[in-house]
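Beneath this line is the structure, given in structure tokens, with notes to follow.
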Amino acid sequence: MPAMQAFRPRPANVALAVGFAVAGSLAGAFYHPEPWRPFDLWAHLLTVVIALSLALRENRPFGVLVITAAGFAGYLVLGYQPSLNFWVPAIAFFSVSARERRALIVCGAALLATVIALSGACGRLPWPVVAVQALIVPAVALAFGLTQRRLAERNAELRRLTALLDRQQRQEARRAVLDERFRIARELHDTISQHMTIITLQTGLAEYLFLSDPPGAHKALDAAATAGREALDELRRLLVVLRTHDLGGAAGPEDPADPVPVDLLAGVDRIPALAERLEAAGVRVEVRFSGERRPLHPGIELCAYRVVQEALTNVVKHSGASAAEVSVRYLDDELRVTVLDRGGALSAAPSEGPGHGLIGMRERAKIWHGSLTAEACPGGGFRVQLRLPLEQDRAGG
């Protein structure tokens, strides 16, 4: 089957071949000057054979040139007038110039020049005309053929580059999906870590107070249950995001073009609610906003919220401080968030190093071209400061 498809001519070439066969036969039948031989049945057969071979000029260009040149030479030797058959070998050589290698092009040019010269000689033209004709016709056909070859090469290169660009875009899309999944995994870590810290502390406190202070134990269990419900809500929101990226909608499962819905992302305005939850764990958190509050890019707001969440979780887990301060300052070109605690019973305990919490916060800041500093305060306690530039937010908003 593939071999048969290789010989299947294009409709345009079939139409061209039939057109030359009909036109050549009509021209020979109605125009037969002296001293040419009358256009009889053999002339019609030769004209049809010479013309119809053009149908395969794209599949076997050099073979078609040999057939048309040999057929036209025999046609001339038998004494028939050139008619439109004169142009059939030239068209065949045009295809040779556009498709074959250099050696066959040279052989084809010599073959065409020979048969054109034979046509001039049979027509008893002056030898200068015969020579010029034998040079010009192959040269023109060669020029057009090489032009088509260059155009075909450019089109092939364009198709290759288009396919390469498509592959690169698919790779970028897959990479963006992976980055988004890593980001969501980080959100899951932060959410579970913060809420489980509160739940662990409150259930431990409830166990401690279970016999001595039943109302206090009940209050601690209520706080743990509230933290658990909020953790489930956060996880549900993140699972909706994961499900959205898995299904992909009309854009496809690996197309990250659809943004995450804004209402699924935590923002700066949720920091006071976060502070209230920490108060249930025994840490009084004061939140202060300054500057002109305005909506920011959802990613910047989420970054600020998660840094505050992680920093306050560290206060509960590693500091033991009873109070902390959160300052959110809206500057003209920067969002500055500071979390400060005054130290507590656990501050003097040996540190186990920076841990993954600070590393994750710094990575979040880098995503938005910001910076994060975490340092111990001279008078005791710890300070975490996040600085996020807002030029890109104004440009993109």
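Lettering and numbering for the structure tokens are positional, with chains as A, B, ... in the shown order, residues counted from 1 in each chain, and ligands counted from 1 in the shown order.
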Review point. Neighbours of region 62-79 of chain A within 8 Å (only C-alpha atoms; same-chain residues fewer than 4 positions away dropped), as a list in words?
Key: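 My reading of the contact set: Trp36, Arg37, Ala43, Leu46, Val49, Ile50, Ala51, Ser53, Leu54, Leu56, Arg57, Asn85, Phe86, Val88, Pro89, Ala92, Phe93, Val96, Glu100, Leu104, Gly108, Leu111, Leu112, Val115, Leu118, Ser119 and Cys122 of chain A.
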Review point. Which residue, A:Leu52, A:Val132, A:Met196, A:Met361, has the smallest gap to Val14 (chain A) when you use only C-alpha atoms?
Key: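 Looking only at the distances to Val14 (chain A), the closest residue turns out to be A:Leu52.
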**Study point:** Gap from CA of Val339 (chain A) to CA of Leu221 (chain A) - Å, one decimal
**Key:**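 Answer for the CA of Val339 (chain A) to CA of Leu221 (chain A) separation: 27.3 Å.
Computed from the coordinates, the CA of Thr47 (chain A) to CA of Ile116 (chain A) distance equals 16.2 Å.
With CA of Ala321 (chain A) on one side and CA of Arg342 (chain A) on the other, the separation reads 6.5 Å.
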Point to revise | Ala266 (chain A) environment, 10 Å, only C-alpha atoms, sequence neighbours closer than 5 positions dropped, as a ChimeraX atom specification | key: /A:234,237,271,298-299,301-306
Go ahead and save the picked residues with N, CA, C and O atoms, as a PDB file, in the first residue's frame.
ATOM      1  N   GLU A 234      -9.483  24.330  54.902  1.00  0.00           N
ATOM      2  CA  GLU A 234      -8.313  24.685  54.098  1.00  0.00           C
ATOM      3  C   GLU A 234      -7.951  23.547  53.152  1.00  0.00           C
ATOM      4  O   GLU A 234      -7.664  23.768  51.964  1.00  0.00           O
ATOM      5  N   ARG A 237     -10.346  23.380  50.242  1.00  0.00           N
ATOM      6  CA  ARG A 237     -10.071  24.391  49.219  1.00  0.00           C
ATOM      7  C   ARG A 237      -8.892  23.980  48.349  1.00  0.00           C
ATOM      8  O   ARG A 237      -8.929  24.123  47.119  1.00  0.00           O
ATOM      9  N   ILE A 271      -5.328  37.480  58.076  1.00  0.00           N
ATOM     10  CA  ILE A 271      -4.342  37.436  59.158  1.00  0.00           C
ATOM     11  C   ILE A 271      -4.996  37.657  60.522  1.00  0.00           C
ATOM     12  O   ILE A 271      -4.650  36.962  61.499  1.00  0.00           O
ATOM     13  N   PRO A 298      -3.078  38.065  43.980  1.00  0.00           N
ATOM     14  CA  PRO A 298      -3.401  36.971  44.910  1.00  0.00           C
ATOM     15  C   PRO A 298      -2.188  36.188  45.373  1.00  0.00           C
ATOM     16  O   PRO A 298      -2.135  35.741  46.531  1.00  0.00           O
ATOM     17  N   GLY A 299      -1.196  36.025  44.494  1.00  0.00           N
ATOM     18  CA  GLY A 299       0.001  35.291  44.894  1.00  0.00           C
ATOM     19  C   GLY A 299       0.802  36.025  45.953  1.00  0.00           C
ATOM     20  O   GLY A 299       1.364  35.416  46.867  1.00  0.00           O
ATOM     21  N   GLU A 301      -0.453  38.192  48.148  1.00  0.00           N
ATOM     22  CA  GLU A 301      -1.226  38.118  49.393  1.00  0.00           C
ATOM     23  C   GLU A 301      -1.086  36.748  50.044  1.00  0.00           C
ATOM     24  O   GLU A 301      -0.944  36.636  51.265  1.00  0.00           O
ATOM     25  N   LEU A 302      -1.119  35.686  49.234  1.00  0.00           N
ATOM     26  CA  LEU A 302      -0.956  34.340  49.784  1.00  0.00           C
ATOM     27  C   LEU A 302       0.428  34.167  50.391  1.00  0.00           C
ATOM     28  O   LEU A 302       0.581  33.554  51.455  1.00  0.00           O
ATOM     29  N   CYS A 303       1.451  34.700  49.718  1.00  0.00           N
ATOM     30  CA  CYS A 303       2.814  34.616  50.242  1.00  0.00           C
ATOM     31  C   CYS A 303       2.904  35.280  51.609  1.00  0.00           C
ATOM     32  O   CYS A 303       3.461  34.721  52.560  1.00  0.00           O
ATOM     33  N   ALA A 304       2.334  36.492  51.745  1.00  0.00           N
ATOM     34  CA  ALA A 304       2.367  37.197  53.029  1.00  0.00           C
ATOM     35  C   ALA A 304       1.619  36.411  54.094  1.00  0.00           C
ATOM     36  O   ALA A 304       2.086  36.277  55.245  1.00  0.00           O
ATOM     37  N   TYR A 305       0.462  35.879  53.760  1.00  0.00           N
ATOM     38  CA  TYR A 305      -0.333  35.132  54.738  1.00  0.00           C
ATOM     39  C   TYR A 305       0.418  33.891  55.213  1.00  0.00           C
ATOM     40  O   TYR A 305       0.470  33.604  56.425  1.00  0.00           O
ATOM     41  N   ARG A 306       1.006  33.127  54.275  1.00  0.00           N
ATOM     42  CA  ARG A 306       1.690  31.894  54.673  1.00  0.00           C
ATOM     43  C   ARG A 306       2.932  32.189  55.512  1.00  0.00           C
ATOM     44  O   ARG A 306       3.277  31.410  56.417  1.00  0.00           O
TER      45      ARG A 306
END
Practice item. Find, counting only C-alpha atoms, the residue in A:Gly267, A:Ala280, A:Pro9, A:Ala21 that gets nearest to Pro295 (chain A). Key: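 Among the listed residues, A:Gly267 lies closest to Pro295 (chain A).
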Practice item. Using only C-alpha atoms, find the one residue out of A:Cys377, A:Val18, A:Ala134, A:Leu125 that sits nearest to Ala113 (chain A). Key: A:Ala134
Point to revise | Nearest to Val285 (chain A), chosen from A:Ser25, A:Gln309, A:Gln133, A:Ser322, with only C-alpha atoms counted in the distances | key: A:Ser322
Exercise for review: Please identify all polymer residues within 9 Å of Val316 (chain A), counting only C-alpha atoms, omitting same-chain residues fewer than 5 positions from it, and present them as a PyMOL selection string.
Suggested key: chain A and resi 197-198+201+278+281-283+311+321-322
Exercise for review: Extract the full set of strand (DSSP E or B) residues from region 53-287 of chain A according to DSSP on the backbone, and format it as a list in words.
Suggested key: Arg284, Val285, Glu286 and Val287 of chain A
Practice item. Mind checking which residues fall within 12 Å of Thr203 (chain A), counting only C-alpha atoms, ignoring those fewer than 3 positions away in the same chain, and posting them as a PyMOL selection string? Key: chain A and resi 196-200+206-210+216-228+280-281
Check your understanding: If you count only C-alpha atoms, which residues fall within 12 Å of Gly379 (chain A), apart from same-chain ones fewer than 2 positions away, as number ranges by chain?
Key -> A: 340-344, 347, 375-377, 381-383
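Nearest residue to His195 (chain A) among A:Leu386, A:Val137, A:Leu235, A:Leu164 is A:Leu235, counting only C-alpha atoms.
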